[in-house]
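J.: Sending over my_file.csv (CSV, C-alpha atoms).
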chain,number,residue,atom,x,y,z
M,22,MET,CA,14.3,26.2,15.4
M,23,ASP,CA,15.7,28.0,12.3
M,24,LEU,CA,17.3,25.3,10.1
M,25,ASP,CA,19.6,27.9,8.5
M,26,THR,CA,21.2,28.5,11.9
M,27,VAL,CA,21.5,24.7,12.5
M,28,ARG,CA,23.0,24.2,9.0
M,29,THR,CA,25.5,27.0,9.7
M,30,PHE,CA,26.4,25.4,13.1
M,31,VAL,CA,27.2,22.1,11.4
M,32,ALA,CA,29.3,23.7,8.7
M,33,ALA,CA,31.3,25.6,11.3
M,34,ALA,CA,31.8,22.5,13.4
M,35,ASP,CA,33.0,20.6,10.4
M,36,ALA,CA,35.3,23.3,9.1
M,37,GLY,CA,36.6,24.5,12.5
M,38,ARG,CA,36.7,28.1,11.1
M,39,PHE,CA,33.8,30.6,10.6
M,40,GLN,CA,35.5,31.9,7.5
M,41,GLU,CA,35.5,28.4,5.8
M,42,ALA,CA,31.9,27.8,6.8
M,43,ALA,CA,31.0,31.1,5.3
M,44,ALA,CA,32.6,30.2,2.0
M,45,GLU,CA,30.8,26.8,1.9
M,46,LEU,CA,27.5,28.4,2.6
M,47,ALA,CA,28.1,31.4,0.2
M,48,VAL,CA,27.5,34.0,3.0
M,49,THR,CA,29.7,36.5,4.8
M,50,GLN,CA,31.7,35.6,7.9
M,51,GLN,CA,29.6,38.1,9.8
M,52,ALA,CA,26.4,36.2,8.8
M,53,VAL,CA,27.9,33.0,10.1
M,54,SER,CA,28.7,34.7,13.4
M,55,LYS,CA,25.2,36.2,13.7
M,56,ARG,CA,23.5,32.8,13.0
M,57,ILE,CA,25.7,31.0,15.6
M,58,ALA,CA,24.9,33.7,18.1
M,59,ALA,CA,21.2,33.4,17.4
M,60,LEU,CA,21.3,29.6,17.8
M,61,GLU,CA,23.2,30.0,21.1
M,62,ARG,CA,20.4,32.4,22.3
M,63,VAL,CA,17.7,29.9,21.4
M,64,LEU,CA,19.5,27.0,23.2
M,65,GLY,CA,20.8,29.1,26.1
M,66,VAL,CA,24.4,27.7,25.9
M,67,ARG,CA,27.7,28.4,24.3
M,68,LEU,CA,28.4,26.2,21.3
M,69,PHE,CA,31.9,27.3,20.3
M,70,THR,CA,35.1,28.7,21.9
M,71,ARG,CA,37.5,30.7,19.9
M,72,THR,CA,41.1,29.4,19.5
M,73,PRO,CA,44.2,30.8,17.6
M,74,ARG,CA,43.4,28.4,14.8
M,75,GLY,CA,39.6,29.1,14.6
M,76,VAL,CA,36.8,27.7,16.8
M,77,GLU,CA,36.3,24.5,18.8
M,78,LEU,CA,33.0,23.0,20.0
M,79,THR,CA,32.2,23.3,23.7
M,80,VAL,CA,30.9,20.4,25.6
M,81,ASP,CA,27.4,21.6,24.9
M,82,GLY,CA,28.3,22.0,21.2
M,83,GLN,CA,29.6,18.4,21.1
M,84,ALA,CA,26.3,17.2,22.6
M,85,PHE,CA,24.2,19.2,20.2
M,86,LEU,CA,26.1,18.2,17.0
M,87,PRO,CA,24.6,14.7,16.3
M,88,HIS,CA,21.1,16.1,16.9
M,89,ALA,CA,21.8,19.0,14.6
M,90,ARG,CA,22.9,16.5,11.8
M,91,GLU,CA,19.7,14.5,12.4
M,92,LEU,CA,17.6,17.7,12.1
M,93,LEU,CA,19.1,18.4,8.7
M,94,ARG,CA,18.6,14.8,7.6
M,95,ALA,CA,15.0,14.9,8.7
M,96,ALA,CA,14.5,18.2,6.7
M,97,GLU,CA,16.0,16.6,3.6
M,98,ARG,CA,13.7,13.6,4.0
M,99,ALA,CA,10.7,15.8,4.5
M,100,VAL,CA,11.4,17.7,1.3
M,101,ALA,CA,12.0,14.5,-0.7
M,102,SER,CA,8.8,13.0,0.5
M,103,VAL,CA,6.7,15.6,-1.4
M,104,ARG,CA,9.1,16.4,-4.3
M,105,THR,CA,7.7,14.7,-7.4
M,106,GLY,CA,10.3,12.5,-9.0
M,107,HIS,CA,12.2,12.1,-5.7
M,108,ARG,CA,9.6,10.8,-3.3
M,109,PRO,CA,8.5,7.2,-3.4
M,110,LEU,CA,5.5,6.1,-5.5
M,111,ARG,CA,2.7,5.7,-3.0
M,112,VAL,CA,0.3,2.8,-3.9
M,113,ASP,CA,-2.8,1.5,-2.1
M,114,VAL,CA,-3.1,-2.3,-2.2
M,115,ILE,CA,-6.1,-2.7,0.2
M,116,ALA,CA,-4.5,-5.6,2.2
M,117,SER,CA,-1.2,-7.4,2.5
M,118,ARG,CA,-2.3,-10.8,1.3
M,119,VAL,CA,-4.5,-10.0,-1.6
M,120,ALA,CA,-3.7,-10.0,-5.3
M,121,PRO,CA,-2.8,-6.2,-5.7
M,122,SER,CA,0.0,-6.7,-3.1
M,123,GLY,CA,1.4,-9.5,-5.3
M,124,LEU,CA,1.2,-7.3,-8.3
M,125,MET,CA,3.2,-4.6,-6.6
M,126,ARG,CA,5.8,-7.2,-5.4
M,127,ALA,CA,6.2,-8.2,-9.0
M,128,PHE,CA,6.5,-4.6,-10.1
M,129,HIS,CA,9.2,-4.0,-7.4
M,130,HIS,CA,11.1,-7.1,-8.6
M,131,ALA,CA,10.9,-5.8,-12.2
M,132,HIS,CA,11.9,-2.2,-11.3
M,133,PRO,CA,13.9,-2.4,-8.1
M,134,GLY,CA,15.3,1.1,-8.6
M,135,ILE,CA,11.8,2.7,-8.1
M,136,ALA,CA,11.2,3.6,-4.4
M,137,LEU,CA,7.7,2.5,-3.2
M,138,ASP,CA,5.5,3.3,-0.3
M,139,VAL,CA,2.7,0.7,0.0
M,140,VAL,CA,-0.4,1.7,2.0
M,141,MET,CA,-3.6,-0.1,2.8
M,142,LEU,CA,-6.9,1.9,2.7
M,143,SER,CA,-10.2,0.4,3.7
M,144,ASP,CA,-12.7,1.7,1.1
M,145,ILE,CA,-13.0,3.3,-2.3
M,146,GLU,CA,-14.2,6.7,-1.0
M,147,THR,CA,-11.1,6.9,1.2
M,148,ALA,CA,-8.9,5.9,-1.7
M,149,VAL,CA,-10.4,8.4,-4.1
M,150,ALA,CA,-10.0,11.2,-1.6
M,151,ALA,CA,-6.4,10.3,-1.1
M,152,LEU,CA,-5.8,10.2,-4.9
M,153,ARG,CA,-7.4,13.7,-5.3
M,154,SER,CA,-5.4,15.2,-2.4
M,155,GLY,CA,-2.1,13.7,-3.6
M,156,ALA,CA,-1.7,11.5,-0.5
M,157,ILE,CA,-1.3,8.5,-2.8
M,158,ASP,CA,-0.5,8.1,-6.4
M,159,ALA,CA,-2.5,4.9,-7.3
M,160,SER,CA,-5.0,2.5,-5.8
M,161,PHE,CA,-6.2,-1.0,-6.7
M,162,ARG,CA,-10.0,-1.1,-6.6
M,163,ALA,CA,-13.0,-2.8,-8.3
M,164,VAL,CA,-13.6,0.6,-10.0
M,165,ALA,CA,-17.0,1.8,-8.9
M,166,MET,CA,-20.3,0.8,-7.4
M,167,PRO,CA,-23.9,1.0,-8.5
M,168,GLY,CA,-25.0,4.7,-8.5
M,169,ARG,CA,-21.5,5.9,-7.5
M,170,PRO,CA,-19.4,6.4,-10.6
M,171,LEU,CA,-15.8,7.6,-10.3
M,172,PRO,CA,-15.2,11.4,-10.4
M,173,GLU,CA,-14.1,12.6,-13.8
M,174,ASP,CA,-10.7,13.5,-12.6
M,175,ILE,CA,-10.0,9.9,-11.6
M,176,ALA,CA,-8.9,7.5,-14.3
M,177,SER,CA,-9.0,3.7,-14.2
M,178,VAL,CA,-7.9,0.7,-16.1
M,179,ARG,CA,-8.7,-2.9,-15.5
M,180,VAL,CA,-5.5,-4.8,-14.7
M,181,LEU,CA,-6.5,-8.2,-13.3
M,182,ASP,CA,-9.5,-10.5,-13.3
M,183,GLU,CA,-8.9,-12.8,-10.4
M,184,PRO,CA,-10.9,-16.0,-10.3
M,185,LEU,CA,-12.6,-16.9,-7.0
M,186,GLN,CA,-12.1,-20.3,-5.6
M,187,LEU,CA,-13.9,-22.2,-2.9
M,188,LEU,CA,-11.8,-22.8,0.2
M,189,THR,CA,-12.9,-25.7,2.5
M,190,GLY,CA,-11.6,-28.0,5.2
M,191,PRO,CA,-10.9,-31.7,4.6
M,192,ALA,CA,-14.3,-32.8,6.1
M,193,HIS,CA,-16.5,-30.5,3.9
M,194,ALA,CA,-19.0,-32.2,1.6
M,195,LEU,CA,-17.2,-30.6,-1.5
M,196,ALA,CA,-13.6,-31.2,-0.2
M,197,ASP,CA,-12.8,-33.9,-2.8
M,198,ALA,CA,-14.3,-32.2,-5.8
M,199,ARG,CA,-12.0,-31.3,-8.7
M,200,SER,CA,-14.2,-28.3,-9.4
M,201,VAL,CA,-17.7,-27.1,-8.5
M,202,PRO,CA,-20.3,-25.4,-10.6
M,203,LEU,CA,-21.3,-22.0,-9.1
M,204,ALA,CA,-25.0,-23.1,-8.9
M,205,ARG,CA,-24.1,-26.1,-6.8
M,206,LEU,CA,-23.0,-23.8,-4.0
M,207,ALA,CA,-26.6,-22.7,-3.3
M,208,GLY,CA,-27.5,-24.0,0.1
M,209,HIS,CA,-23.9,-24.2,1.4
M,210,ARG,CA,-22.7,-21.9,4.1
M,211,ILE,CA,-20.1,-19.5,2.8
M,212,TRP,CA,-18.5,-17.6,5.7
M,213,MET,CA,-16.8,-14.3,4.9
M,214,PRO,CA,-16.4,-12.2,8.1
M,215,GLY,CA,-15.1,-8.7,7.6
M,216,ILE,CA,-17.2,-7.7,4.6
M,217,VAL,CA,-17.9,-4.0,5.4
M,218,PRO,CA,-21.2,-2.6,4.1
M,219,GLY,CA,-20.7,0.2,1.6
M,220,THR,CA,-17.4,-1.1,0.3
M,221,GLU,CA,-16.8,-2.2,-3.3
M,222,TRP,CA,-16.2,-5.8,-2.3
M,223,ALA,CA,-19.5,-5.8,-0.3
M,224,ALA,CA,-21.3,-4.6,-3.5
M,225,TYR,CA,-19.5,-7.3,-5.5
M,226,TYR,CA,-20.7,-10.1,-3.1
M,227,ASP,CA,-24.2,-8.6,-2.9
M,228,ASP,CA,-24.6,-9.0,-6.6
M,229,LEU,CA,-23.1,-12.5,-6.6
M,230,VAL,CA,-25.6,-13.6,-4.0
M,231,ALA,CA,-28.5,-11.9,-5.8
M,232,GLU,CA,-27.7,-13.5,-9.2
M,233,PHE,CA,-26.9,-17.0,-8.1
M,234,GLY,CA,-28.9,-17.5,-4.9
M,235,LEU,CA,-25.9,-18.1,-2.6
M,236,THR,CA,-25.8,-17.7,1.1
M,237,ILE,CA,-22.8,-15.6,2.3
M,238,GLU,CA,-22.6,-15.0,6.1
M,239,ALA,CA,-20.6,-12.0,7.3
M,240,THR,CA,-21.4,-12.6,10.9
M,241,GLY,CA,-18.9,-12.6,13.8
M,242,PRO,CA,-15.8,-10.5,14.4
M,243,ASN,CA,-13.0,-10.5,11.9
M,244,PHE,CA,-9.9,-11.9,13.7
M,245,GLY,CA,-7.8,-12.0,10.5
M,246,SER,CA,-6.8,-14.5,7.9
M,247,ASP,CA,-5.2,-17.0,10.1
M,248,ALA,CA,-8.3,-17.3,12.3
M,249,LEU,CA,-10.5,-17.6,9.2
M,250,LEU,CA,-8.4,-20.4,7.8
M,251,ASP,CA,-8.3,-22.3,11.1
M,252,THR,CA,-12.1,-22.1,11.4
M,253,ILE,CA,-12.7,-23.2,7.8
M,254,ALA,CA,-10.2,-26.1,8.3
M,255,ASN,CA,-12.0,-27.4,11.4
M,256,THR,CA,-15.7,-26.7,10.6
M,257,PRO,CA,-17.2,-29.2,8.1
M,258,ASP,CA,-20.2,-27.2,7.1
M,259,LEU,CA,-18.3,-23.9,6.4
M,260,ALA,CA,-16.5,-22.7,3.3
M,261,THR,CA,-15.3,-19.4,2.1
M,262,PHE,CA,-14.3,-17.6,-1.2
M,263,MET,CA,-10.7,-16.7,-1.8
M,264,GLY,CA,-9.1,-15.2,-4.8
M,265,GLU,CA,-6.8,-17.4,-6.8
M,266,ARG,CA,-3.8,-15.1,-6.2
M,267,THR,CA,-4.7,-14.3,-2.6
M,268,LEU,CA,-2.5,-15.9,0.1
M,269,PRO,CA,-2.2,-18.6,1.1
M,270,ARG,CA,-1.5,-19.9,-2.4
M,271,LEU,CA,-2.4,-23.6,-1.9
M,272,PRO,CA,-2.1,-26.2,-4.6
M,273,PRO,CA,-5.5,-27.7,-5.8
M,274,GLY,CA,-6.5,-30.6,-3.6
M,275,GLY,CA,-5.1,-29.2,-0.3
M,276,THR,CA,-2.0,-28.5,1.6
M,277,PRO,CA,0.9,-30.7,2.7
M,278,ALA,CA,0.4,-32.3,6.1
M,279,GLY,CA,2.0,-30.4,9.0
M,280,GLN,CA,1.3,-26.9,7.6
M,281,PRO,CA,1.0,-24.8,10.8
M,282,THR,CA,-2.0,-22.8,9.7
M,283,GLY,CA,-5.0,-24.1,7.7
M,284,GLN,CA,-3.8,-27.7,7.7
M,285,GLY,CA,-5.7,-29.8,5.2
M,286,LEU,CA,-7.4,-26.8,3.5
M,287,ARG,CA,-8.7,-27.4,-0.1
M,288,ARG,CA,-8.9,-24.9,-2.9
M,289,ILE,CA,-11.5,-25.8,-5.4
M,290,PRO,CA,-12.0,-24.0,-8.7
M,291,VAL,CA,-15.5,-22.6,-9.3
M,292,THR,CA,-17.0,-23.0,-12.8
M,293,ASP,CA,-20.1,-22.4,-15.0
M,294,PRO,CA,-19.5,-19.5,-14.6
M,295,THR,CA,-16.3,-18.6,-12.8
M,296,PRO,CA,-16.8,-15.5,-10.7
M,297,VAL,CA,-13.8,-13.2,-11.1
M,298,TYR,CA,-12.9,-10.2,-9.0
M,299,PRO,CA,-12.0,-7.3,-11.3
M,300,HIS,CA,-9.0,-5.4,-10.0
M,301,SER,CA,-8.5,-2.0,-11.6
M,302,LEU,CA,-5.8,0.6,-11.1
M,303,LEU,CA,-7.0,4.1,-10.2
M,304,TRP,CA,-5.0,7.3,-10.4
M,305,HIS,CA,-5.6,11.1,-10.7
M,306,ARG,CA,-5.4,12.3,-14.3
M,307,ASP,CA,-3.1,15.2,-13.3
M,308,ASN,CA,-0.7,13.1,-11.2
M,309,PRO,CA,2.8,14.0,-12.5
M,310,HIS,CA,4.8,11.3,-10.7
M,311,PRO,CA,7.1,9.8,-13.4
M,312,ALA,CA,7.0,6.3,-11.9
M,313,LEU,CA,3.2,6.1,-12.3
M,314,ALA,CA,3.6,5.8,-16.0
M,315,THR,CA,6.1,3.0,-15.5
M,316,LEU,CA,3.7,1.2,-13.2
M,317,ARG,CA,0.8,1.5,-15.7
M,318,SER,CA,3.0,0.2,-18.5
M,319,HIS,CA,4.2,-2.8,-16.4
M,320,LEU,CA,0.6,-3.7,-15.5
M,321,ALA,CA,-0.5,-3.3,-19.1
M,322,ALA,CA,2.2,-5.7,-20.3
M,323,THR,CA,1.3,-8.3,-17.7
M,324,ALA,CA,-2.5,-8.0,-17.7
M,325,ALA,CA,-4.6,-11.0,-19.0
M,326,GLY,CA,-7.8,-10.7,-21.0
M,327,HIS,CA,-11.0,-9.4,-19.4
M,328,ASP,CA,-14.6,-10.7,-19.7
M,329,VAL,CA,-13.4,-14.1,-20.8
M,330,ALA,CA,-16.2,-16.5,-21.8
M,331,GLY,CA,-17.3,-18.5,-18.8
M,332,THR,CA,-16.6,-15.8,-16.2
M,333,TRP,CA,-18.8,-13.5,-14.3
M,334,VAL,CA,-18.5,-9.9,-13.0
M,335,PRO,CA,-21.1,-7.4,-12.0
M,336,ALA,CA,-22.2,-5.1,-14.8
M,337,TRP,CA,-20.9,-2.1,-12.9
M,338,THR,CA,-17.3,-3.3,-13.2
M,339,ILE,CA,-17.2,-2.8,-16.9
M,340,PRO,CA,-14.0,-0.8,-17.6
M,341,ARG,CA,-14.2,2.7,-18.8
Give the structure from this file in structure tokens form.

T.:
Amino acid sequence: MDLDTVRTFVAAADAGRFQEAAAELAVTQQAVSKRIAALERVLGVRLFTRTPRGVELTVDGQAFLPHARELLRAAERAVASVRTGHRPLRVDVIASRVAPSGLMRAFHHAHPGIALDVVMLSDIETAVAALRSGAIDASFRAVAMPGRPLPEDIASVRVLDEPLQLLTGPAHALADARSVPLARLAGHRIWMPGIVPGTEWAAYYDDLVAEFGLTIEATGPNFGSDALLDTIANTPDLATFMGERTLPRLPPGGTPAGQPTGQGLRRIPVTDPTPVYPHSLLWHRDNPHPALATLRSHLAATAAGHDVAGTWVPAWTIPR
């Protein structure tokens, strides 16, 4: 359906006269008549009847008018979605409960006037492809993996080193510890369902296991965070790793009694060294979206130091 004919129909319906619609659209009255006739042929109905004072909508015209207005609004939204500076800033945060989602919530609070589209992509290859195609403007990732550097047209900057903590139930052998050295976790079952081979977080945990002799089990289906927390809370010999800023944000020592999910869970700091997950922001070097610069400035102003003494990251996460 030709949107010019729809736009002309709406203008004529609002004005009640073809002459006034022509003036509004900066076309001739004859052009308005031709467009209305063309639209009537497409629809197979009469849209207007002529009166001494101009034109009035027929019953079919009245029925079509709200849909015509919605067609024009949809067209405006479609154009705005791809017009740089008018469309929302599209950012990949990986998952809703992880630290990058919290970083974007803080950015939205600091800059409420910037429209945002938050998406969740599964792996770095998908994210990089979306950055290069323009489907997204930025992505939070662990930068790269061994043997797979970022393409030259993708820029990155480290924005957050998130300490990992041990999450246990109340009956776990380490539940009452104020902190636990990383080496002490050797021999304990650390359950992390949902680690997908080939992803950057799988590469991260593979290096952690290799360097410190840990046992991380990724067996079983991933039924989501709530199921994971319930299992950890009720299984004395299981623990899991969770980022310090990843939900649920529990106080050290456990949760208040009566919490509906994960009752009695303990978050225990890991030390000597503290493994940190390095979140970086990725973007295409030629991306012109004006809000991208604002996001980068915000993250630079709120970022903490990296590679702090007593912390560990894989060598391949060193920022470029």

J.: Between CA of Tyr298 (chain M) and CA of Ala239 (chain M), what distance in Å does the model show, to one decimal?

T.: 18.1 Å

J.: Do you know which residues are at most 8 Å from Val119 (chain M) counting all atoms listed in the file, after dropping those on the same chain fewer than 5 positions away, and could you put them as number ranges by chain?

T.: M: 114, 264, 266-268

J.: Counting all atoms listed in the file, which residues sit no farther than 9 Å from the position (1.6, -5.2, 3.6) in the file's frame? I'd like them as a PyMOL selection string.

T.: chain M and resi 114-118+122+139-141

J.: Closest to Glu146 (chain M) among M:Leu171, M:Ala224, M:Leu78, M:Ala330, using only C-alpha atoms?

T.: M:Leu171

J.: So, with only C-alpha atoms as the atoms that count, which of M:Leu152, M:Ala322, M:Val112, M:Val53 lies closest to Glu41 (chain M)?

T.: M:Val53
